[in-house]
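Novice: Below is one structure. I have some questions about it.
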Amino acid sequence: MAEQLLSTAVHDTVPGRYVRPESQRPRLAEVVAGARIPVVDLACPDSAAVVSAIGAACRSHGFFQVRDTPPPVHARTREVIYRPAIATDKACMLRLMLQILNHGIDEGLMAAVMAVARDFFRLPAEEKAKLYSDDPARKMRLSTSFNVRKETVHNWRDYLRLHCHPLDQFVPDWPSNPPDFKEIMSAYCKEVRELGLRLYAAISESLGLEAGCIGTTLGEQEQHMAVNFYPQCPAPELTYGLPAHTDPNALTILLMDQDVAGLQVLNGGKWVAVNPQAGALVINIGDQLQALSNGEYRSVWHRAVVNSDRERMSVASFLCPCNDVVLGPARMLVTEETPAVYRNYTYDEYYKKFWSRNLDQEHCLELFRT
Ligand code: OGA
Ligand code: NI
């Protein structure tokens, strides 16, 4: 029911249905803060260096960041800006993410996306109620928590879920309020797709595959978006915005508030806070690239916690294989020494399994082992 939306109510206390049992709480005092982030420049002329840096991040933790900065002076002179931070700076840096400079998405557009998303969640309750659904099969829905029909404890999040490719098929059903929502979001979706496909090429090469391998294997991909709104929460210690999960798709590109933290990544058994950088996009590997890489790259556990003083927003773009594509380890990566870790399956089968479960159960890919 639309009354369950958090963004239409003000809560002075956390209702019992959001409170996690003691053993499952986020234990915020134990979270590691201040992780440093390696940088890779997508415009770097040394493409082999870009590929190996991306490969290193995917192998170690499956998370990296890309950032679009105004081209520094040395970029104009085409001097290499790639800093091999990943190799040289191990002592003080957690190798869980990669920042990529010059990801090509305009910062003004990124700011417009965040602004229009915020305006959307500020719409009056009756306007939002028209879009509400808790049916995960709906291609466009405003919902809350994760899967309210299945879960026993809810999450401190509202979200708008959109299908984004092909745009002309889905945009007509998107919210027409705020009036510029469709235009801004579709411009962003196009840019994100282009970036995602470029990253596929680099990730393919970093696995020793042909540049086009991942793109071809996954087929004419779908693209989904979750616009996440995490309201202020009176007791962030008791609940989650999103509990620990891995993403079921292939690649996720996350845009988020830059002055409110909330995303955390599991690294060596510890939760590490991801500090958003100005102009940055955070990239993570989803379950399908873990399967395709035959387990070499990891779809990492991550979660979103909430804040008592600030609301937080994020816009997650998910590239996903077509439903009928057969997935599993890339043939070239299956050898006598490295036998297939996962069986073949269709994305349809995987996705249904994912949504039939709770978010914080075991890694969904475990159910697809050979
Ligand atoms: C997601 C996700 C993290 C965030 O939407 O899958 O992990 O910071 N979001 O909102
Ligand atoms: Ni996620």
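Following the order of the structure tokens, first chain is A, next is B, and so on, with residues numbered from 1 inside each chain and ligands from 1 in the order they appear.
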Taking only C-alpha atoms and all ligand atoms into account, report as a list in words which residues have an atom no farther than 7 Å from an atom of ligand 2.
Specialist: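 Going residue by residue within 7 Å of ligand 2, we get His245, Thr246, Asp247, His302 and Arg303 of chain A.
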Novice: How would the residues just picked look written out with N, CA, C and O atoms as a PDB file, in the first residue's frame?
Specialist:
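The new file result-v1.pdb reads:
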ATOM      1  N   HIS A 245      23.865  -7.076   0.106  1.00  0.00           N
ATOM      2  CA  HIS A 245      23.401  -7.817  -1.077  1.00  0.00           C
ATOM      3  C   HIS A 245      24.462  -7.735  -2.161  1.00  0.00           C
ATOM      4  O   HIS A 245      25.386  -6.933  -2.084  1.00  0.00           O
ATOM      5  N   THR A 246      24.320  -8.579  -3.155  1.00  0.00           N
ATOM      6  CA  THR A 246      25.094  -8.401  -4.376  1.00  0.00           C
ATOM      7  C   THR A 246      24.079  -8.076  -5.459  1.00  0.00           C
ATOM      8  O   THR A 246      22.898  -8.397  -5.320  1.00  0.00           O
ATOM      9  N   ASP A 247      24.525  -7.425  -6.521  1.00  0.00           N
ATOM     10  CA  ASP A 247      23.574  -7.047  -7.572  1.00  0.00           C
ATOM     11  C   ASP A 247      23.419  -8.201  -8.566  1.00  0.00           C
ATOM     12  O   ASP A 247      24.411  -8.783  -9.000  1.00  0.00           O
ATOM     13  N   HIS A 302      27.506  -5.428  -0.760  1.00  0.00           N
ATOM     14  CA  HIS A 302      27.467  -4.020  -0.368  1.00  0.00           C
ATOM     15  C   HIS A 302      26.122  -3.741   0.291  1.00  0.00           C
ATOM     16  O   HIS A 302      25.206  -4.558   0.216  1.00  0.00           O
ATOM     17  N   ARG A 303      26.020  -2.599   0.954  1.00  0.00           N
ATOM     18  CA  ARG A 303      24.792  -2.260   1.673  1.00  0.00           C
ATOM     19  C   ARG A 303      24.688  -0.749   1.768  1.00  0.00           C
ATOM     20  O   ARG A 303      25.669  -0.034   1.514  1.00  0.00           O
TER      21      ARG A 303
END
Novice: Just the residues within 7 Å of Ser7 of chain A, please, counting only C-alpha atoms, with nothing from its chain fewer than 4 positions along; format it as a ChimeraX atom specification.
Specialist: /A:121,158,231
Novice: Considering only C-alpha atoms, state which residue in the set A:Ser314, A:Gln361, A:Thr152, A:Gln24 is at the smallest distance from Gln258 of chain A.
Specialist: A:Ser314
Novice: Using only C-alpha atoms and all ligand atoms, can you tell me which of A:Ala330, A:Cys233, A:Leu167, A:Val227 comes closest to ligand 1?
Specialist: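 Comparing A:Ala330, A:Cys233, A:Leu167, A:Val227 against ligand 1, the winner is A:Val227.
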Novice: Residues contacting ligand 1 - anything with an atom at most 7 Å away, using only C-alpha atoms and all ligand atoms - can you give me those as a PyMOL selection string?
Specialist: chain A and resi 226+228+242+247+256+262-263+302-304+313-316
Novice: If you keep all heavy atoms, can you produce a file of those selected residues as a compact mmCIF listing (two decimals), in the first residue's frame?
Specialist:
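Output below, filename again.txt:
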# COMPACT_ATOMS: atom_id res chain seq x y z
N ALA A 226 17.20 2.14 -10.57
CA ALA A 226 16.54 2.30 -9.28
C ALA A 226 16.91 3.68 -8.75
O ALA A 226 18.09 3.97 -8.57
CB ALA A 226 16.98 1.22 -8.29
N ASN A 228 16.88 5.65 -5.67
CA ASN A 228 16.74 5.30 -4.25
C ASN A 228 16.65 6.55 -3.38
O ASN A 228 17.45 7.48 -3.53
CB ASN A 228 17.96 4.50 -3.78
CG ASN A 228 18.09 3.18 -4.51
OD1 ASN A 228 17.13 2.44 -4.65
ND2 ASN A 228 19.30 2.87 -5.00
N LEU A 242 19.46 -0.43 2.60
CA LEU A 242 19.48 -1.71 1.89
C LEU A 242 20.43 -2.62 2.66
O LEU A 242 21.57 -2.24 2.89
CB LEU A 242 20.01 -1.54 0.47
CG LEU A 242 19.05 -1.20 -0.66
CD1 LEU A 242 19.82 -0.94 -1.94
CD2 LEU A 242 18.02 -2.30 -0.87
N ASP A 247 24.53 -7.42 -6.52
CA ASP A 247 23.57 -7.05 -7.57
C ASP A 247 23.42 -8.20 -8.57
O ASP A 247 24.41 -8.78 -9.00
CB ASP A 247 24.06 -5.79 -8.30
CG ASP A 247 23.97 -4.54 -7.41
OD1 ASP A 247 23.33 -4.61 -6.34
OD2 ASP A 247 24.53 -3.50 -7.79
N MET A 256 25.52 9.10 -6.80
CA MET A 256 24.96 9.33 -5.46
C MET A 256 25.31 10.69 -4.90
O MET A 256 26.20 11.35 -5.39
CB MET A 256 25.39 8.23 -4.51
CG MET A 256 26.88 8.11 -4.36
SD MET A 256 27.23 6.65 -3.38
CE MET A 256 28.64 6.04 -4.22
N GLY A 262 26.77 6.66 2.89
CA GLY A 262 25.77 5.62 3.17
C GLY A 262 26.13 4.28 2.55
O GLY A 262 25.85 3.23 3.11
N LEU A 263 26.80 4.31 1.39
CA LEU A 263 27.18 3.06 0.74
C LEU A 263 28.38 2.44 1.47
O LEU A 263 29.33 3.13 1.79
CB LEU A 263 27.54 3.32 -0.72
CG LEU A 263 28.06 2.13 -1.53
CD1 LEU A 263 27.03 1.03 -1.67
CD2 LEU A 263 28.53 2.59 -2.91
N HIS A 302 27.51 -5.43 -0.76
CA HIS A 302 27.47 -4.02 -0.37
C HIS A 302 26.12 -3.74 0.29
O HIS A 302 25.21 -4.56 0.22
CB HIS A 302 27.74 -3.12 -1.58
CG HIS A 302 26.83 -3.35 -2.74
ND1 HIS A 302 26.95 -4.43 -3.59
CD2 HIS A 302 25.77 -2.64 -3.20
CE1 HIS A 302 26.02 -4.37 -4.52
NE2 HIS A 302 25.27 -3.29 -4.31
N ARG A 303 26.02 -2.60 0.95
CA ARG A 303 24.79 -2.26 1.67
C ARG A 303 24.69 -0.75 1.77
O ARG A 303 25.67 -0.03 1.51
CB ARG A 303 24.80 -2.89 3.07
CG ARG A 303 25.87 -2.31 3.98
CD ARG A 303 25.95 -3.03 5.32
NE ARG A 303 26.77 -2.28 6.28
CZ ARG A 303 27.00 -2.66 7.53
NH1 ARG A 303 26.47 -3.80 7.99
NH2 ARG A 303 27.73 -1.92 8.34
N ALA A 304 23.51 -0.26 2.09
CA ALA A 304 23.35 1.17 2.31
C ALA A 304 22.80 1.38 3.71
O ALA A 304 21.82 0.74 4.10
CB ALA A 304 22.40 1.77 1.27
N MET A 313 20.23 10.19 -1.35
CA MET A 313 19.68 9.68 -2.60
C MET A 313 20.76 8.99 -3.40
O MET A 313 21.93 9.37 -3.34
CB MET A 313 19.16 10.83 -3.46
CG MET A 313 18.01 11.54 -2.81
SD MET A 313 16.80 12.01 -4.02
CE MET A 313 16.95 10.73 -5.18
N SER A 314 20.36 8.01 -4.18
CA SER A 314 21.28 7.43 -5.15
C SER A 314 20.48 7.01 -6.37
O SER A 314 19.29 6.76 -6.28
CB SER A 314 22.04 6.24 -4.56
OG SER A 314 21.17 5.14 -4.44
N VAL A 315 21.16 6.99 -7.50
CA VAL A 315 20.53 6.55 -8.75
C VAL A 315 21.38 5.40 -9.28
O VAL A 315 22.52 5.61 -9.70
CB VAL A 315 20.46 7.70 -9.77
CG1 VAL A 315 19.87 7.22 -11.09
CG2 VAL A 315 19.64 8.86 -9.21
N ALA A 316 20.84 4.20 -9.20
CA ALA A 316 21.59 3.02 -9.64
C ALA A 316 21.13 2.63 -11.04
O ALA A 316 19.93 2.46 -11.27
CB ALA A 316 21.36 1.87 -8.66
Novice: Using Å and a single decimal, report how far atom CA of Gly34 of chain A sits from atom CA of Ser47 of chain A.
Specialist: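 According to the coordinates, atom CA of Ser47 of chain A and atom CA of Gly34 of chain A are separated by 29.2 Å.
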Novice: From the options A:Phe63, A:Tyr159, A:Tyr351, A:Phe120, which residue's atoms come nearest to Gln4 of chain A, counting only C-alpha atoms?
Specialist: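 Residue with the minimum atom-to-atom distance to Gln4 of chain A: A:Tyr159.
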Novice: Find, counting only C-alpha atoms, the residue in A:Cys364, A:Met185, A:Leu142, A:Val51 that gets nearest to Lys352 of chain A.
Specialist: A:Cys364
